[in-house]
>>> print(open('my_file.json').read())   # JSON, C-alpha atoms
[["chain", "number", "residue", "atom", "x", "y", "z"],
["A", 15, "MET", "CA", 56.41, 175.40, 16.31],
["A", 16, "SER", "CA", 56.09, 175.27, 20.08],
["A", 17, "SER", "CA", 57.60, 177.90, 22.36],
["A", 18, "GLU", "CA", 59.98, 175.31, 23.85],
["A", 19, "ASN", "CA", 61.64, 174.66, 20.48],
["A", 20, "GLN", "CA", 62.30, 178.34, 19.68],
["A", 21, "PRO", "CA", 65.98, 179.35, 19.99],
["A", 22, "ASN", "CA", 67.30, 182.06, 22.28],
["A", 23, "ILE", "CA", 68.53, 184.79, 19.94],
["A", 24, "PRO", "CA", 70.13, 187.94, 21.40],
["A", 25, "GLY", "CA", 68.20, 191.07, 20.46],
["A", 26, "ALA", "CA", 64.94, 189.30, 19.62],
["A", 27, "TYR", "CA", 61.68, 190.35, 21.23],
["A", 28, "PRO", "CA", 61.19, 188.68, 24.66],
["A", 29, "GLN", "CA", 57.87, 186.86, 25.00],
["A", 30, "SER", "CA", 57.70, 186.03, 28.70],
["A", 31, "PRO", "CA", 60.08, 184.87, 31.43],
["A", 32, "VAL", "CA", 60.60, 181.11, 31.59],
["A", 33, "ALA", "CA", 60.63, 179.14, 34.86],
["A", 34, "GLU", "CA", 64.45, 178.92, 34.90],
["A", 35, "GLY", "CA", 64.74, 182.74, 35.01],
["A", 36, "LYS", "CA", 65.76, 183.09, 31.36],
["A", 37, "SER", "CA", 63.85, 185.09, 28.79],
["A", 38, "GLN", "CA", 62.35, 183.39, 25.80],
["A", 39, "PHE", "CA", 62.82, 185.05, 22.41],
["A", 40, "THR", "CA", 61.10, 184.53, 19.08],
["A", 41, "ILE", "CA", 61.59, 185.87, 15.59],
["A", 42, "LEU", "CA", 58.55, 187.57, 14.10],
["A", 43, "PRO", "CA", 57.89, 187.36, 10.35],
["A", 44, "HIS", "CA", 58.50, 190.46, 8.24],
["A", 45, "PRO", "CA", 55.31, 191.90, 6.70],
["A", 46, "ALA", "CA", 56.84, 192.24, 3.21],
["A", 47, "LYS", "CA", 55.44, 190.08, 0.43],
["A", 48, "SER", "CA", 58.08, 191.21, -2.07],
["A", 49, "ASN", "CA", 61.52, 192.84, -2.01],
["A", 50, "ASN", "CA", 60.07, 196.21, -3.08],
["A", 51, "PRO", "CA", 59.93, 198.63, -0.09],
["A", 52, "VAL", "CA", 57.02, 200.53, -1.68],
["A", 53, "ASP", "CA", 54.80, 197.50, -1.07],
["A", 54, "LEU", "CA", 55.01, 198.12, 2.71],
["A", 55, "ASN", "CA", 53.28, 201.52, 2.45],
["A", 56, "ALA", "CA", 49.61, 202.20, 2.05],
["A", 57, "PRO", "CA", 48.49, 203.41, -1.41],
["A", 58, "GLY", "CA", 49.40, 207.08, -1.81],
["A", 59, "ALA", "CA", 51.61, 207.13, 1.28],
["A", 60, "SER", "CA", 54.86, 206.81, -0.65],
["A", 61, "GLU", "CA", 54.44, 209.96, -2.73],
["A", 62, "GLY", "CA", 56.96, 211.83, -0.59],
["A", 63, "LEU", "CA", 57.16, 215.58, -1.13],
["A", 64, "ARG", "CA", 54.37, 215.60, -3.70],
["A", 65, "ASN", "CA", 51.78, 215.60, -0.88],
["A", 66, "ILE", "CA", 53.31, 218.56, 0.98],
["A", 67, "PRO", "CA", 52.07, 221.97, -0.29],
["A", 68, "ALA", "CA", 55.18, 223.77, 1.02],
["A", 69, "ALA", "CA", 57.35, 221.61, -1.25],
["A", 70, "ALA", "CA", 55.42, 222.64, -4.38],
["A", 71, "ALA", "CA", 57.96, 225.43, -4.93],
["A", 72, "PHE", "CA", 60.47, 222.76, -5.94],
["A", 73, "ASN", "CA", 58.12, 221.23, -8.52],
["A", 74, "VAL", "CA", 58.83, 223.73, -11.31],
["A", 75, "PRO", "CA", 59.67, 223.15, -14.97],
["A", 76, "GLY", "CA", 63.02, 224.98, -14.95],
["A", 77, "PRO", "CA", 64.59, 228.42, -15.40],
["A", 78, "PHE", "CA", 62.81, 231.20, -17.28],
["A", 79, "ILE", "CA", 64.72, 232.22, -20.40],
["A", 80, "PRO", "CA", 63.52, 235.61, -21.70],
["A", 81, "THR", "CA", 63.13, 236.31, -25.38],
["A", 82, "GLN", "CA", 65.68, 238.52, -27.11],
["A", 83, "GLU", "CA", 63.16, 241.38, -27.18],
["A", 84, "MET", "CA", 62.67, 241.16, -23.41],
["A", 85, "ALA", "CA", 66.43, 240.98, -22.82],
["A", 86, "ASN", "CA", 67.02, 244.07, -24.97],
["A", 87, "SER", "CA", 64.35, 246.07, -23.10],
["A", 88, "LEU", "CA", 66.11, 245.63, -19.74],
["A", 89, "GLU", "CA", 68.25, 248.46, -18.40],
["A", 90, "LYS", "CA", 71.99, 248.11, -18.83],
["A", 91, "PRO", "CA", 74.02, 247.19, -15.71],
["A", 92, "LEU", "CA", 75.96, 249.94, -13.98],
["A", 93, "SER", "CA", 79.75, 250.06, -14.21],
["A", 94, "ARG", "CA", 82.00, 249.32, -11.23],
["A", 95, "GLU", "CA", 82.68, 253.04, -10.71],
["A", 96, "GLU", "CA", 78.96, 253.89, -10.75],
["A", 97, "LEU", "CA", 78.22, 251.13, -8.22],
["A", 98, "GLN", "CA", 81.04, 252.34, -5.92],
["A", 99, "ALA", "CA", 79.72, 255.91, -6.12],
["A", 100, "LYS", "CA", 76.20, 254.73, -5.18],
["A", 101, "ALA", "CA", 77.59, 252.65, -2.29],
["A", 102, "ALA", "CA", 79.60, 255.64, -1.00],
["A", 103, "ALA", "CA", 76.50, 257.86, -1.19],
["A", 104, "LEU", "CA", 74.39, 255.31, 0.72],
["A", 105, "ASN", "CA", 77.07, 254.77, 3.40],
["A", 106, "LYS", "CA", 77.37, 258.50, 4.25],
["A", 107, "ASP", "CA", 76.02, 259.39, 7.68]]
>>> encode(input="my_file.json", output="structure tokens")
Amino acid sequence: MSSENQPNIPGAYPQSPVAEGKSQFTILPHPAKSNNPVDLNAPGASEGLRNIPAAAAFNVPGPFIPTQEMANSLEKPLSREELQAKAAALNKD
């Protein structure tokens, strides 16, 4: 396809100015060989957050559920009145 037969398409990449003062545009082929966007990346480049060490905190199996023995060995939560008394003691100047 010669450069004279290529259409002027708005927004296409300009090749070089033509003698009449108009710009000449061409459409470049897309590098994809398939419709899968992963094929455009280099091998290993599409692994996303798996390659970032700081994101490893989000790669966990799930919540920890303690056994009944562990749950029974924990201290009992304080009542509302006990918590208010502790807060009042801490807020005294």
>>> atom_distance(input="my_file.json", atom1="CA of Phe78 in chain A", atom2="CA of Lys90 in chain A")
19.3 Å
>>> atom_distance(input="my_file.json", atom1="CA of Lys47 in chain A", atom2="CA of Asn65 in chain A")
25.8 Å
>>> atom_distance(input="my_file.json", atom1="CA of Ala101 in chain A", atom2="CA of Glu89 in chain A")
19.1 Å
>>> build_atoms(input="my_file.json", residues="range 87-98 of chain A", atoms="N, CA and C atoms", output="mmCIF file, keeping the file's coordinate frame")
data_model
loop_
_atom_site.group_PDB
_atom_site.id
_atom_site.type_symbol
_atom_site.label_atom_id
_atom_site.label_comp_id
_atom_site.auth_asym_id
_atom_site.auth_seq_id
_atom_site.Cartn_x
_atom_site.Cartn_y
_atom_site.Cartn_z
ATOM 1 N N SER A 87 65.097 244.988 -23.739
ATOM 2 C CA SER A 87 64.350 246.070 -23.100
ATOM 3 C C SER A 87 64.794 246.305 -21.651
ATOM 4 N N LEU A 88 65.629 245.449 -21.109
ATOM 5 C CA LEU A 88 66.110 245.630 -19.740
ATOM 6 C C LEU A 88 67.159 246.740 -19.689
ATOM 7 N N GLU A 89 67.243 247.398 -18.528
ATOM 8 C CA GLU A 89 68.250 248.460 -18.400
ATOM 9 C C GLU A 89 69.644 247.840 -18.336
ATOM 10 N N LYS A 90 70.619 248.591 -18.802
ATOM 11 C CA LYS A 90 71.990 248.110 -18.830
ATOM 12 C C LYS A 90 72.573 248.145 -17.416
ATOM 13 N N PRO A 91 73.427 247.197 -17.058
ATOM 14 C CA PRO A 91 74.020 247.190 -15.710
ATOM 15 C C PRO A 91 74.975 248.364 -15.533
ATOM 16 N N LEU A 92 75.070 248.827 -14.286
ATOM 17 C CA LEU A 92 75.960 249.940 -13.980
ATOM 18 C C LEU A 92 77.409 249.463 -13.970
ATOM 19 N N SER A 93 78.328 250.397 -14.227
ATOM 20 C CA SER A 93 79.750 250.060 -14.210
ATOM 21 C C SER A 93 80.217 249.960 -12.757
ATOM 22 N N ARG A 94 81.415 249.464 -12.567
ATOM 23 C CA ARG A 94 82.000 249.320 -11.230
ATOM 24 C C ARG A 94 82.107 250.676 -10.537
ATOM 25 N N GLU A 95 82.523 251.700 -11.292
ATOM 26 C CA GLU A 95 82.680 253.040 -10.710
ATOM 27 C C GLU A 95 81.332 253.616 -10.282
ATOM 28 N N GLU A 96 80.302 253.394 -11.099
ATOM 29 C CA GLU A 96 78.960 253.890 -10.750
ATOM 30 C C GLU A 96 78.437 253.179 -9.497
ATOM 31 N N LEU A 97 78.675 251.878 -9.394
ATOM 32 C CA LEU A 97 78.220 251.130 -8.220
ATOM 33 C C LEU A 97 78.962 251.586 -6.965
ATOM 34 N N GLN A 98 80.274 251.847 -7.075
ATOM 35 C CA GLN A 98 81.040 252.340 -5.920
ATOM 36 C C GLN A 98 80.576 253.716 -5.500
#
